[in-house]
>>> print(open('upload22.txt').read())   # compact mmCIF, C-alpha atoms
# COMPACT_ATOMS: atom_id res chain seq x y z
CA MET A 1 -1.94 31.11 -27.25
CA LYS A 2 -0.03 34.30 -26.60
CA ARG A 3 3.13 34.15 -24.53
CA THR A 4 2.47 36.74 -21.88
CA PRO A 5 4.80 36.95 -18.87
CA GLU A 6 1.93 35.95 -16.57
CA ARG A 7 1.13 32.93 -18.66
CA ILE A 8 4.77 31.86 -18.85
CA GLU A 9 5.03 32.18 -15.11
CA ALA A 10 1.93 30.13 -14.41
CA LEU A 11 2.59 27.45 -17.01
CA ALA A 12 6.25 27.01 -16.05
CA ALA A 13 5.26 26.28 -12.47
CA GLU A 14 2.66 23.74 -13.57
CA TYR A 15 5.09 22.21 -16.05
CA VAL A 16 7.66 21.53 -13.37
CA LEU A 17 5.05 20.36 -10.90
CA GLY A 18 3.82 17.92 -13.54
CA SER A 19 0.20 19.03 -13.55
CA LEU A 20 0.51 20.37 -17.10
CA HIS A 21 0.06 17.55 -19.55
CA GLY A 22 -1.11 16.45 -22.98
CA ALA A 23 -1.17 19.03 -25.74
CA ALA A 24 -0.63 21.90 -23.30
CA ARG A 25 2.59 20.30 -22.06
CA ARG A 26 3.88 19.76 -25.59
CA ARG A 27 3.04 23.32 -26.55
CA PHE A 28 4.87 24.60 -23.53
CA GLU A 29 7.90 22.48 -24.43
CA ARG A 30 7.96 24.23 -27.81
CA TRP A 31 7.93 27.56 -26.01
CA MET A 32 10.89 26.37 -23.96
CA MET A 33 12.83 25.54 -27.09
CA GLU A 34 12.13 28.95 -28.54
CA SER A 35 12.78 31.18 -25.59
CA VAL A 36 15.47 31.44 -22.96
CA ARG A 37 13.08 33.50 -20.84
CA VAL A 38 10.71 30.53 -20.68
CA ARG A 39 13.57 28.15 -19.89
CA GLN A 40 14.78 30.37 -17.07
CA GLU A 41 11.33 30.38 -15.56
CA VAL A 42 11.31 26.59 -15.69
CA TRP A 43 14.76 26.43 -14.13
CA PHE A 44 13.59 28.62 -11.27
CA TRP A 45 10.93 26.07 -10.39
CA GLU A 46 13.15 23.06 -10.99
CA GLU A 47 15.59 24.50 -8.53
CA LYS A 48 13.02 25.44 -5.91
CA LEU A 49 10.82 22.36 -6.10
CA GLY A 50 13.87 20.14 -6.58
CA HIS A 51 14.48 20.47 -2.84
CA LEU A 52 11.31 18.51 -2.24
CA GLY A 53 12.87 15.48 -3.86
CA ALA A 54 16.23 15.67 -2.16
CA ARG A 55 15.13 14.50 1.25
CA ILE A 56 12.86 11.68 0.33
CA GLU A 57 13.56 8.34 1.92
CA GLU A 58 16.31 6.55 0.05
CA GLU A 59 15.83 3.18 -1.50
CA GLN A 60 18.59 1.33 -3.31
CA PRO A 61 17.61 0.20 -6.79
CA PRO A 62 18.40 -3.43 -7.65
CA ALA A 63 21.76 -4.19 -9.26
CA SER A 64 20.05 -4.87 -12.57
CA VAL A 65 19.41 -1.12 -12.96
CA TRP A 66 23.12 -0.26 -13.10
CA ALA A 67 23.79 -3.26 -15.32
CA GLY A 68 21.07 -2.02 -17.68
CA ILE A 69 22.57 1.48 -17.79
CA GLU A 70 25.97 0.07 -18.74
CA ARG A 71 24.44 -2.13 -21.39
CA ARG A 72 22.59 0.76 -22.94
CA LEU A 73 25.53 3.15 -22.93
CA TRP A 74 28.24 0.72 -23.95
CA PRO A 75 26.52 -2.20 -25.65
CA ARG A 76 29.41 -3.23 -27.84
CA GLU A 77 31.78 -3.73 -24.96
CA ASP A 78 29.14 -5.68 -23.20
CA LYS A 79 29.49 -8.46 -25.74
CA SER A 80 33.24 -8.63 -25.42
CA VAL A 81 33.28 -8.61 -21.64
CA PRO A 82 31.66 -11.83 -20.50
CA ALA A 83 32.13 -10.92 -16.86
CA VAL A 84 29.42 -8.31 -17.14
CA ALA A 85 27.01 -10.55 -18.98
CA ALA A 86 27.66 -13.38 -16.57
CA ASN A 87 25.46 -11.68 -13.99
CA ASP A 88 22.50 -12.52 -16.09
CA ALA A 89 21.32 -16.02 -16.58
CA PRO A 90 20.68 -16.95 -20.19
CA GLY A 91 17.22 -16.05 -21.30
CA ARG A 92 16.84 -13.05 -19.04
CA TRP A 93 15.56 -9.89 -20.65
CA PHE A 94 17.93 -7.13 -21.34
CA TRP A 95 16.35 -3.86 -21.98
CA PRO A 96 14.50 -1.84 -19.43
CA GLY A 97 11.09 -2.29 -20.96
CA TRP A 98 11.34 -5.96 -20.28
CA SER A 99 10.94 -5.44 -16.61
CA MET A 100 7.41 -4.40 -17.39
CA LEU A 101 6.65 -7.84 -18.68
CA ALA A 102 6.90 -9.55 -15.37
CA THR A 103 3.95 -7.67 -13.99
CA ALA A 104 1.98 -6.68 -17.06
CA ALA A 105 -0.96 -8.79 -16.05
CA ALA A 106 -3.25 -7.33 -18.68
CA LEU A 107 -1.14 -8.79 -21.42
CA VAL A 108 -0.35 -12.28 -20.39
CA LEU A 109 1.91 -13.72 -22.98
CA ALA A 110 1.73 -17.14 -24.40
CA VAL A 111 3.26 -18.94 -27.29
CA VAL A 112 1.60 -21.42 -29.54
CA LEU A 113 3.13 -23.66 -32.08
CA VAL A 114 1.55 -23.12 -35.43
CA GLN A 115 1.36 -26.03 -37.74
CA GLN A 116 2.60 -25.21 -41.19
CA PRO A 117 0.98 -27.21 -43.96
CA GLU A 118 4.22 -27.77 -45.80
CA PRO A 119 7.23 -27.96 -43.54
CA GLN A 120 10.34 -27.23 -45.51
CA MET A 121 13.81 -28.54 -45.20
CA ASP A 122 15.46 -25.16 -44.92
CA GLY A 123 15.10 -24.64 -41.20
CA ARG A 124 11.92 -22.68 -41.07
CA LEU A 125 11.06 -20.81 -37.90
CA SER A 126 7.48 -20.35 -37.03
CA GLY A 127 5.25 -19.12 -34.27
CA ALA A 128 2.45 -16.82 -33.33
CA ILE A 129 1.97 -13.66 -31.37
CA VAL A 130 -0.96 -14.20 -29.09
CA LYS A 131 -2.79 -12.38 -26.36
CA ALA A 132 -4.35 -14.17 -23.43
CA ASP A 133 -7.90 -12.89 -23.81
CA VAL A 134 -8.07 -13.22 -27.61
CA SER A 135 -8.71 -16.72 -28.88
CA ASP A 136 -7.11 -16.27 -32.30
CA PRO A 137 -3.44 -15.35 -32.59
CA LEU A 138 -2.83 -11.67 -33.32
CA TRP A 139 -0.20 -12.43 -35.93
CA LEU A 140 1.25 -15.60 -37.41
CA VAL A 141 4.98 -15.48 -37.94
CA SER A 142 7.05 -17.50 -40.33
CA GLU A 143 10.66 -17.24 -41.29
CA SER A 144 12.43 -19.04 -44.03
CA SER A 145 16.20 -19.08 -44.05
CA LEU A 146 16.13 -20.03 -47.70
CA ASP A 147 14.66 -16.80 -49.00
CA ARG A 148 15.62 -14.78 -45.89
CA GLN A 149 12.10 -13.56 -45.44
CA LEU A 150 10.25 -13.03 -42.22
CA LYS A 151 6.51 -12.81 -42.65
CA LEU A 152 3.98 -11.51 -40.22
CA ARG A 153 0.39 -12.24 -41.17
CA PRO A 154 -2.31 -10.46 -39.17
CA VAL A 155 -5.17 -12.64 -37.90
CA ALA A 156 -6.79 -10.96 -34.91
CA ALA A 157 -4.44 -7.97 -34.78
CA THR A 158 -6.07 -4.54 -34.67
CA ALA A 159 -4.53 -1.21 -35.59
CA ALA A 160 -2.50 0.59 -32.95
CA GLN A 161 -4.20 3.45 -31.16
CA GLN A 162 -4.26 6.76 -32.97
CA GLY A 163 -0.88 8.43 -33.22
CA LYS A 164 0.95 5.17 -32.58
CA ASP A 165 2.55 2.37 -34.58
CA TYR A 166 3.56 -1.16 -33.76
CA GLU A 167 7.26 -1.84 -34.22
CA LEU A 168 8.76 -5.30 -34.61
CA TRP A 169 12.03 -6.25 -32.92
CA ILE A 170 14.42 -9.14 -32.75
CA VAL A 171 15.40 -9.67 -29.14
CA PRO A 172 18.93 -11.06 -29.12
CA GLU A 173 20.24 -13.18 -26.31
CA ASN A 174 22.58 -10.36 -25.38
CA GLY A 175 22.51 -6.67 -26.07
CA GLN A 176 20.05 -4.31 -27.63
CA PRO A 177 17.00 -5.28 -29.66
CA LEU A 178 17.21 -4.90 -33.43
CA SER A 179 14.36 -3.15 -35.21
CA LEU A 180 12.64 -4.91 -38.09
CA GLY A 181 10.56 -1.85 -38.83
CA VAL A 182 7.06 -0.62 -38.29
CA ILE A 183 4.28 -3.12 -38.95
CA PRO A 184 1.80 -1.62 -41.39
CA VAL A 185 -1.90 -1.88 -40.65
CA GLY A 186 -3.58 -4.72 -42.53
CA GLY A 187 -1.94 -7.08 -44.97
CA THR A 188 1.05 -9.34 -44.50
CA TYR A 189 4.24 -7.66 -43.41
CA GLN A 190 7.30 -9.09 -45.07
CA VAL A 191 10.83 -8.14 -44.24
CA THR A 192 14.12 -9.37 -45.64
CA LEU A 193 16.63 -10.28 -42.96
CA ASP A 194 20.25 -9.34 -43.43
CA ASP A 195 23.08 -11.51 -42.10
CA GLU A 196 23.16 -9.84 -38.69
CA ALA A 197 19.41 -10.12 -38.21
CA ARG A 198 19.40 -13.76 -39.30
CA ALA A 199 22.20 -14.64 -36.92
CA LEU A 200 20.50 -12.91 -33.99
CA LEU A 201 17.14 -14.45 -34.70
CA SER A 202 18.43 -17.97 -35.20
CA ASN A 203 20.16 -17.72 -31.82
CA SER A 204 17.45 -16.16 -29.69
CA ARG A 205 14.36 -17.02 -31.77
CA THR A 206 12.63 -14.21 -29.96
CA LEU A 207 10.56 -11.41 -31.41
CA ALA A 208 8.84 -8.54 -29.69
CA ILE A 209 6.38 -5.84 -30.60
CA SER A 210 6.42 -2.46 -28.94
CA LEU A 211 4.11 0.53 -29.17
CA GLU A 212 5.90 3.52 -30.66
CA PRO A 213 5.17 6.98 -32.03
CA VAL A 214 4.00 7.03 -35.66
CA GLY A 215 6.87 6.05 -37.93
CA GLY A 216 8.62 4.02 -35.26
CA SER A 217 10.98 4.58 -32.38
CA PRO A 218 12.88 7.87 -32.70
CA THR A 219 15.89 6.46 -30.85
CA GLY A 220 16.42 3.14 -32.60
CA GLN A 221 15.54 1.37 -29.37
CA PRO A 222 12.10 0.60 -28.02
CA THR A 223 10.69 3.62 -26.25
CA GLY A 224 7.10 2.54 -25.63
CA PRO A 225 5.65 -0.39 -23.75
CA ILE A 226 6.49 -3.88 -24.92
CA LEU A 227 3.15 -5.32 -25.90
CA HIS A 228 4.04 -8.79 -27.05
CA VAL A 229 6.88 -11.24 -27.00
CA ALA A 230 6.97 -14.45 -28.97
CA LYS A 231 9.39 -17.30 -29.18
CA LEU A 232 9.66 -19.00 -32.56
CA TYR A 233 10.06 -22.70 -33.08
CA GLU A 234 11.83 -24.65 -35.75
CA LEU A 235 9.60 -26.79 -37.87
CA MET B 236 30.73 25.08 4.45
CA SER B 237 27.69 22.96 5.24
CA ASP B 238 27.40 19.29 4.41
CA ILE B 239 24.85 20.09 1.75
CA ASP B 240 27.13 22.59 0.06
CA SER B 241 30.07 20.25 0.07
CA GLU B 242 27.92 17.47 -1.33
CA GLN B 243 26.71 19.73 -4.12
CA ASP B 244 30.33 20.66 -4.86
CA GLU B 245 31.24 17.02 -5.07
CA LEU B 246 28.30 16.27 -7.38
CA MET B 247 29.28 19.26 -9.52
CA GLY B 248 32.80 17.87 -9.82
CA LEU B 249 31.44 14.49 -10.83
CA LEU B 250 29.19 16.06 -13.46
CA MET B 251 32.11 17.96 -14.93
CA ALA B 252 34.12 14.75 -15.14
CA ILE B 253 31.18 12.95 -16.72
CA ALA B 254 30.93 15.71 -19.32
CA HIS B 255 34.43 14.55 -20.29
CA GLU B 256 33.20 10.96 -20.47
CA ASP B 257 34.78 9.81 -17.23
CA ARG B 258 33.07 6.51 -16.54
CA GLN B 259 34.44 6.09 -13.05
CA ALA B 260 32.94 9.42 -12.10
CA PHE B 261 29.68 8.26 -13.61
CA GLN B 262 29.70 5.14 -11.47
CA ARG B 263 30.52 7.17 -8.36
CA LEU B 264 27.66 9.50 -9.15
CA TYR B 265 25.36 6.52 -9.44
CA GLN B 266 26.48 5.22 -6.07
CA ARG B 267 25.94 8.64 -4.52
CA ILE B 268 22.48 9.49 -5.77
CA SER B 269 20.71 6.42 -7.16
CA GLY B 270 19.16 5.64 -3.77
CA ARG B 271 17.59 9.06 -3.51
CA MET B 272 16.54 9.03 -7.15
CA PHE B 273 14.97 5.59 -6.89
CA GLY B 274 13.19 6.61 -3.68
CA LEU B 275 11.68 9.61 -5.44
CA CYS B 276 10.63 7.69 -8.56
CA LEU B 277 9.15 4.94 -6.44
CA LYS B 278 7.14 7.38 -4.38
CA LEU B 279 5.85 8.97 -7.54
CA ALA B 280 5.03 5.83 -9.52
CA ASN B 281 4.35 3.44 -6.66
CA GLN B 282 5.52 0.74 -9.03
CA ARG B 283 8.96 -0.78 -8.77
CA ASP B 284 9.52 -1.76 -12.39
CA LEU B 285 8.49 1.64 -13.65
CA ALA B 286 10.72 3.38 -11.11
CA GLU B 287 13.64 1.16 -12.11
CA GLU B 288 13.14 2.03 -15.75
CA ALA B 289 12.93 5.74 -14.96
CA VAL B 290 16.21 5.65 -13.01
CA GLN B 291 17.89 3.82 -15.84
CA ASP B 292 16.62 6.31 -18.42
CA ALA B 293 17.58 9.24 -16.23
CA PHE B 294 21.17 8.07 -15.84
CA VAL B 295 21.50 7.45 -19.57
CA GLN B 296 20.27 11.02 -20.06
CA ILE B 297 22.65 12.39 -17.42
CA TRP B 298 25.58 10.71 -19.17
CA HIS B 299 24.65 12.33 -22.47
CA ASN B 300 23.65 15.73 -21.09
CA ALA B 301 26.14 16.35 -18.29
CA SER B 302 27.85 19.02 -20.38
CA GLU B 303 24.56 20.94 -20.62
CA TYR B 304 24.32 21.39 -16.88
CA HIS B 305 24.99 24.90 -15.68
CA ASN B 306 24.38 26.97 -12.56
CA GLU B 307 21.10 28.37 -13.69
CA ARG B 308 19.67 24.87 -13.68
CA GLY B 309 19.81 24.84 -9.91
CA ALA B 310 21.83 22.61 -7.62
CA PRO B 311 23.24 19.52 -9.39
CA LEU B 312 21.17 17.15 -7.27
CA SER B 313 17.92 19.00 -8.02
CA TRP B 314 18.76 18.97 -11.70
CA MET B 315 19.33 15.22 -11.76
CA LEU B 316 16.29 14.41 -9.65
CA THR B 317 14.21 16.59 -11.94
CA ILE B 318 15.33 14.56 -14.94
CA ALA B 319 14.26 11.37 -13.18
CA ARG B 320 11.00 12.88 -12.07
CA TYR B 321 10.00 14.01 -15.56
CA ARG B 322 10.91 10.59 -16.92
CA THR B 323 8.76 8.89 -14.29
CA LEU B 324 5.81 11.15 -15.09
CA ASP B 325 6.25 10.42 -18.81
CA LEU B 326 6.31 6.69 -18.25
CA MET B 327 3.30 6.85 -15.96
CA ARG B 328 1.32 8.79 -18.52
CA ASN B 329 2.48 6.88 -21.59
CA ARG B 330 1.47 3.63 -20.06
CA LYS B 331 -1.45 4.96 -18.11
CA ALA B 332 0.08 2.87 -15.39
CA ARG B 333 -1.75 4.37 -12.52
CA PRO B 334 -0.88 2.55 -9.35
CA THR B 335 -4.47 1.92 -8.38
CA SER B 336 -7.90 2.97 -9.49
CA GLY B 337 -11.41 3.48 -8.23
CA ASP B 338 -12.22 3.40 -4.57
CA ALA B 339 -8.99 1.76 -3.51
CA HIS B 340 -7.26 4.77 -4.98
CA LEU B 341 -9.26 7.22 -2.94
CA GLU B 342 -8.80 5.25 0.22
CA ARG B 343 -5.07 5.20 -0.29
CA VAL B 344 -4.92 8.91 -0.84
CA ALA B 345 -7.12 9.59 2.13
CA ASP B 346 -4.87 7.45 4.30
CA GLU B 347 -1.77 9.17 3.18
CA ARG B 348 -3.16 12.60 3.73
CA ASP B 349 -3.17 11.79 7.39
CA GLY B 350 0.11 9.94 7.23
CA PRO B 351 3.28 10.40 5.23
CA LEU B 352 2.11 13.42 3.29
CA ASP B 353 1.29 15.41 6.37
CA GLU B 354 4.36 14.41 8.29
CA SER B 355 7.50 13.40 6.44
CA LEU B 356 6.67 15.08 3.14
CA ARG B 357 5.47 18.30 4.65
CA VAL B 358 8.75 18.80 6.40
CA ALA B 359 10.81 17.92 3.32
CA GLY B 360 12.58 20.51 1.25
CA SER B 361 14.80 23.44 2.02
CA ALA B 362 13.98 25.63 4.99
CA GLU B 363 13.11 28.44 2.60
CA LEU B 364 10.66 26.32 0.63
CA ARG B 365 9.20 24.82 3.77
CA GLY B 366 8.59 28.23 5.24
CA CYS B 367 6.83 29.37 2.10
CA LEU B 368 4.73 26.20 1.83
CA ASP B 369 3.59 26.87 5.38
CA GLU B 370 2.18 30.20 4.28
CA LEU B 371 -0.17 28.54 1.80
CA SER B 372 -3.64 27.38 2.65
CA GLU B 373 -3.87 23.70 3.49
CA THR B 374 -5.74 22.86 0.29
CA GLN B 375 -3.22 24.74 -1.84
CA ARG B 376 -0.34 22.98 -0.15
CA ASP B 377 -1.94 19.54 -0.38
CA SER B 378 -2.72 19.86 -4.06
CA ILE B 379 0.82 21.02 -4.82
CA LEU B 380 2.46 18.26 -2.79
CA LEU B 381 0.17 15.57 -4.19
CA SER B 382 1.02 16.72 -7.70
CA TYR B 383 4.71 16.75 -6.92
CA TYR B 384 5.05 13.49 -5.06
CA ARG B 385 2.28 11.46 -6.64
CA GLY B 386 2.12 12.87 -10.13
CA PHE B 387 -1.64 13.38 -9.79
CA THR B 388 -3.44 14.92 -12.73
CA HIS B 389 -6.14 17.52 -12.19
CA ASP B 390 -8.77 14.80 -12.55
CA GLU B 391 -7.15 12.64 -9.95
CA LEU B 392 -6.69 15.52 -7.56
CA SER B 393 -10.30 16.46 -7.97
CA GLU B 394 -11.29 12.92 -6.99
CA ALA B 395 -8.78 12.65 -4.19
CA LEU B 396 -9.70 15.95 -2.61
CA SER B 397 -13.43 15.59 -3.38
CA SER B 398 -13.56 18.97 -5.06
CA PRO B 399 -14.52 20.18 -8.52
CA ILE B 400 -11.73 20.19 -11.06
CA GLY B 401 -11.91 23.97 -11.52
CA THR B 402 -11.40 24.47 -7.80
CA VAL B 403 -8.42 22.14 -7.73
CA LYS B 404 -6.87 23.92 -10.70
CA SER B 405 -7.19 27.25 -9.00
CA TRP B 406 -5.71 25.92 -5.73
CA ILE B 407 -2.66 24.81 -7.67
CA ARG B 408 -2.35 27.94 -9.76
CA ARG B 409 -2.85 30.36 -6.89
CA GLY B 410 -0.76 28.24 -4.56
CA LEU B 411 2.16 28.20 -6.97
CA MET B 412 2.00 31.94 -7.57
CA ALA B 413 1.83 32.64 -3.84
CA LEU B 414 4.77 30.30 -3.38
CA LYS B 415 6.74 32.18 -5.98
CA ARG B 416 6.03 35.56 -4.44
CA CYS B 417 7.18 34.18 -1.12
CA LEU B 418 10.34 32.57 -2.53
CA GLU B 419 11.26 35.80 -4.29
CA ARG B 420 10.97 37.88 -1.13
>>> encode(input="upload22.txt", output="structure tokens")
Amino acid sequence: MKRTPERIEALAAEYVLGSLHGAARRRFERWMMESVRVRQEVWFWEEKLGHLGARIEEEQPPASVWAGIERRLWPREDKSVPAVAANDAPGRWFWPGWSMLATAAALVLAVVLVQQPEPQMDGRLSGAIVKADVSDPLWLVSESSLDRQLKLRPVAATAAQQGKDYELWIVPENGQPLSLGVIPVGGTYQVTLDDEARALLSNSRTLAISLEPVGGSPTGQPTGPILHVAKLYEL
Amino acid sequence: MSDIDSEQDELMGLLMAIAHEDRQAFQRLYQRISGRMFGLCLKLANQRDLAEEAVQDAFVQIWHNASEYHNERGAPLSWMLTIARYRTLDLMRNRKARPTSGDAHLERVADERDGPLDESLRVAGSAELRGCLDELSETQRDSILLSYYRGFTHDELSEALSSPIGTVKSWIRRGLMALKRCLER
């Protein structure tokens, strides 16, 4: 599409209003990157329409929002300052996506204990990622501290929607989730845990799967919705 | 100097301090504007958890991008609210987390067209913007305000206003251009 002044003018207004979306929105964002003229047009509308937002009725966000901002910006300090963490009872979720879980009725989460045929003496963790309306587990998970492997075997799991990937995370008791990579479609996914990952997982025993752009989260933290959470059990 | 000007000056000062990684300034900024930001996100998403996430994301972005703010971006408050608004729209669309669907959706919109949208929202905004919005036709103004405050897509607007999608698109397009001509006068 040619970048005529009329088109820039019309699209910039719709971009700021929010009525431009999908491929058209992405294309326009490329135009913005390439041209200061396009950006200025956008700024004009941001400034003008911005006044609409300034007088809306105020509502104070809950304290957890500020706590979450601090955790995301300064995670390392968070660990060393117990006073900050003390606001949160153990077991509470720590990154913003988690708040979705409480109300994500479509994906009711449950945890089942999966019997392993040959329990081992090395402190094996095991569990399943399940979805309420699917009778089989989506994935079976097993971890062996002996060979430091975490295995994810698909049972009823289906591929992510087009243009998306599933990404696996360890959810620590405190701080930011740790990525265990993108789960390939089909076949067992096996990942070797380093010392940090093993320590985090043996403490929290919690895994999560989020929906991310192809190739995984661009930021190193979950950016898409959290689809599943599973607690592992020691066998 | 009006209250609004002095507030914008204060916010500008805070942003400049934040650009130099002043955390106390960042916290003060949060105290100053998070209520307004959350109110806006909540109105848009009609979902508390999504609005909370958008505010959190927006402040993380403000911390990282404070040094990129400049005069051409508009008043500091508009700039920051815009960041939060875009983030809310992204989250809404990524998750397809529409607040309601089907008939309930239409009923809600219909109700609000007689209520908050007509009254409190119609009088929001700067005097200049308000004057120019008043010059638009009612359908143009409604489709623009519903897009702004509710994040409605063309499809949703077409349903809400019981009009073909092409008509709705042209209300928005013509409305916005008329608005611009008026604002530039």
>>> closest_atom_pairs(input="upload22.txt", of="chain A", to="chain B", cutoff="8 Å", atoms="all atoms listed in the file", output="tab-separated table")
residue	atom	partner	partner_atom	distance
A:Ala10	CA	B:Arg408	CA	6.7
A:Ala13	CA	B:Leu411	CA	6.6
A:Glu14	CA	B:Arg408	CA	7.6
A:Leu17	CA	B:Tyr383	CA	5.4
A:Gly18	CA	B:Gly386	CA	6.3
A:Ser19	CA	B:Thr388	CA	5.6
A:Gln40	CA	B:Glu307	CA	7.4
A:Trp43	CA	B:Arg308	CA	5.2
A:Phe44	CA	B:Gly309	CA	7.4
A:Glu46	CA	B:Thr317	CA	6.6
A:Glu47	CA	B:Gly309	CA	4.5
A:Lys48	CA	B:Leu364	CA	7.0
A:Leu49	CA	B:Gly360	CA	7.8
A:Gly50	CA	B:Ser313	CA	4.4
A:His51	CA	B:Gly360	CA	4.5
A:Leu52	CA	B:Gly360	CA	4.2
A:Gly53	CA	B:Leu275	CA	6.2
A:Ala54	CA	B:Arg271	CA	6.9
A:Arg55	CA	B:Ala359	CA	5.9
A:Ile56	CA	B:Leu275	CA	6.2
A:Glu57	CA	B:Gly274	CA	5.9
A:Glu58	CA	B:Arg271	CA	4.5
A:Glu59	CA	B:Gly270	CA	4.7
A:Gln60	CA	B:Gly270	CA	4.4
A:Pro61	CA	B:Phe273	CA	6.0
A:Pro62	CA	B:Glu287	CA	8.0
A:Val65	CA	B:Gln291	CA	5.9
A:Trp66	CA	B:Gln291	CA	7.2
A:Gly68	CA	B:Gln291	CA	6.9
A:Ile69	CA	B:Gln291	CA	5.6
A:Arg72	CA	B:Val295	CA	7.6
A:Leu73	CA	B:Val295	CA	6.8
A:Pro96	CA	B:Glu288	CA	5.5
A:Gly97	CA	B:Glu288	CA	7.1
A:Ser99	CA	B:Asp284	CA	5.8
A:Met100	CA	B:Asp284	CA	6.0
A:Gly224	CA	B:Asn329	CA	7.5
A:Pro225	CA	B:Arg330	CA	6.9
>>> write_last_selection(input="upload22.txt", atoms="C-alpha atoms", output="compact mmCIF listing (two decimals), in the frame of the given file")
# COMPACT_ATOMS: atom_id res chain seq x y z
CA ALA A 10 1.93 30.13 -14.41
CA ALA A 13 5.26 26.28 -12.47
CA GLU A 14 2.66 23.74 -13.57
CA LEU A 17 5.05 20.36 -10.90
CA GLY A 18 3.82 17.92 -13.54
CA SER A 19 0.20 19.03 -13.55
CA GLN A 40 14.78 30.37 -17.07
CA TRP A 43 14.76 26.43 -14.13
CA PHE A 44 13.59 28.62 -11.27
CA GLU A 46 13.15 23.06 -10.99
CA GLU A 47 15.59 24.50 -8.53
CA LYS A 48 13.02 25.44 -5.91
CA LEU A 49 10.82 22.36 -6.10
CA GLY A 50 13.87 20.14 -6.58
CA HIS A 51 14.48 20.47 -2.84
CA LEU A 52 11.31 18.51 -2.24
CA GLY A 53 12.87 15.48 -3.86
CA ALA A 54 16.23 15.67 -2.16
CA ARG A 55 15.13 14.50 1.25
CA ILE A 56 12.86 11.68 0.33
CA GLU A 57 13.56 8.34 1.92
CA GLU A 58 16.31 6.55 0.05
CA GLU A 59 15.83 3.18 -1.50
CA GLN A 60 18.59 1.33 -3.31
CA PRO A 61 17.61 0.20 -6.79
CA PRO A 62 18.40 -3.43 -7.65
CA VAL A 65 19.41 -1.12 -12.96
CA TRP A 66 23.12 -0.26 -13.10
CA GLY A 68 21.07 -2.02 -17.68
CA ILE A 69 22.57 1.48 -17.79
CA ARG A 72 22.59 0.76 -22.94
CA LEU A 73 25.53 3.15 -22.93
CA PRO A 96 14.50 -1.84 -19.43
CA GLY A 97 11.09 -2.29 -20.96
CA SER A 99 10.94 -5.44 -16.61
CA MET A 100 7.41 -4.40 -17.39
CA GLY A 224 7.10 2.54 -25.63
CA PRO A 225 5.65 -0.39 -23.75
>>> atom_distance(input="upload22.txt", atom1="atom CA of Leu279 of chain B", atom2="atom CA of Leu368 of chain B")
19.6 Å
>>> residues_around(input="upload22.txt", residues="Arg37 of chain A", least_positions_apart="2", cutoff="12 Å", atoms="all atoms listed in the file", output="MDAnalysis selection string")
(chainID A and resid 3:5 8:9 12 31:35 39:44) or (chainID B and resid 307)
>>> write_last_selection(input="upload22.txt", atoms="C-alpha atoms", output="CSV table (one decimal), in the frame of the given file")
chain,number,residue,atom,x,y,z
A,3,ARG,CA,3.1,34.2,-24.5
A,4,THR,CA,2.5,36.7,-21.9
A,5,PRO,CA,4.8,37.0,-18.9
A,8,ILE,CA,4.8,31.9,-18.8
A,9,GLU,CA,5.0,32.2,-15.1
A,12,ALA,CA,6.2,27.0,-16.0
A,31,TRP,CA,7.9,27.6,-26.0
A,32,MET,CA,10.9,26.4,-24.0
A,33,MET,CA,12.8,25.5,-27.1
A,34,GLU,CA,12.1,29.0,-28.5
A,35,SER,CA,12.8,31.2,-25.6
A,39,ARG,CA,13.6,28.2,-19.9
A,40,GLN,CA,14.8,30.4,-17.1
A,41,GLU,CA,11.3,30.4,-15.6
A,42,VAL,CA,11.3,26.6,-15.7
A,43,TRP,CA,14.8,26.4,-14.1
A,44,PHE,CA,13.6,28.6,-11.3
B,307,GLU,CA,21.1,28.4,-13.7
>>> atom_distance(input="upload22.txt", atom1="atom CA of Ser142 of chain A", atom2="atom CA of Ala157 of chain A")
15.9 Å
>>> atom_distance(input="upload22.txt", atom1="atom CA of Ala159 of chain A", atom2="atom CA of Gly186 of chain A")
7.8 Å
>>> residues_around(input="upload22.txt", residues="Ile209 of chain A", least_positions_apart="3", cutoff="10 Å", atoms="all atoms listed in the file", output="list in words")
Ile129, Asp165, Tyr166, Glu167, Leu168, Trp169, Ile170, Val171, Ser179, Leu180, Val182, Ile183, Glu212, Pro222, Gly224, Pro225, Ile226, Leu227, His228, Val229 and Ala230 of chain A
>>> closest_residue(input="upload22.txt", among="A:Arg205, A:Pro213, A:Ala67, A:Lys164", to="Leu232 of chain A", atoms="only C-alpha atoms")
A:Arg205
>>> closest_residue(input="upload22.txt", among="A:Val36, A:Val214, A:Val185, A:Leu150", to="Ala197 of chain A", atoms="all atoms listed in the file")
A:Leu150
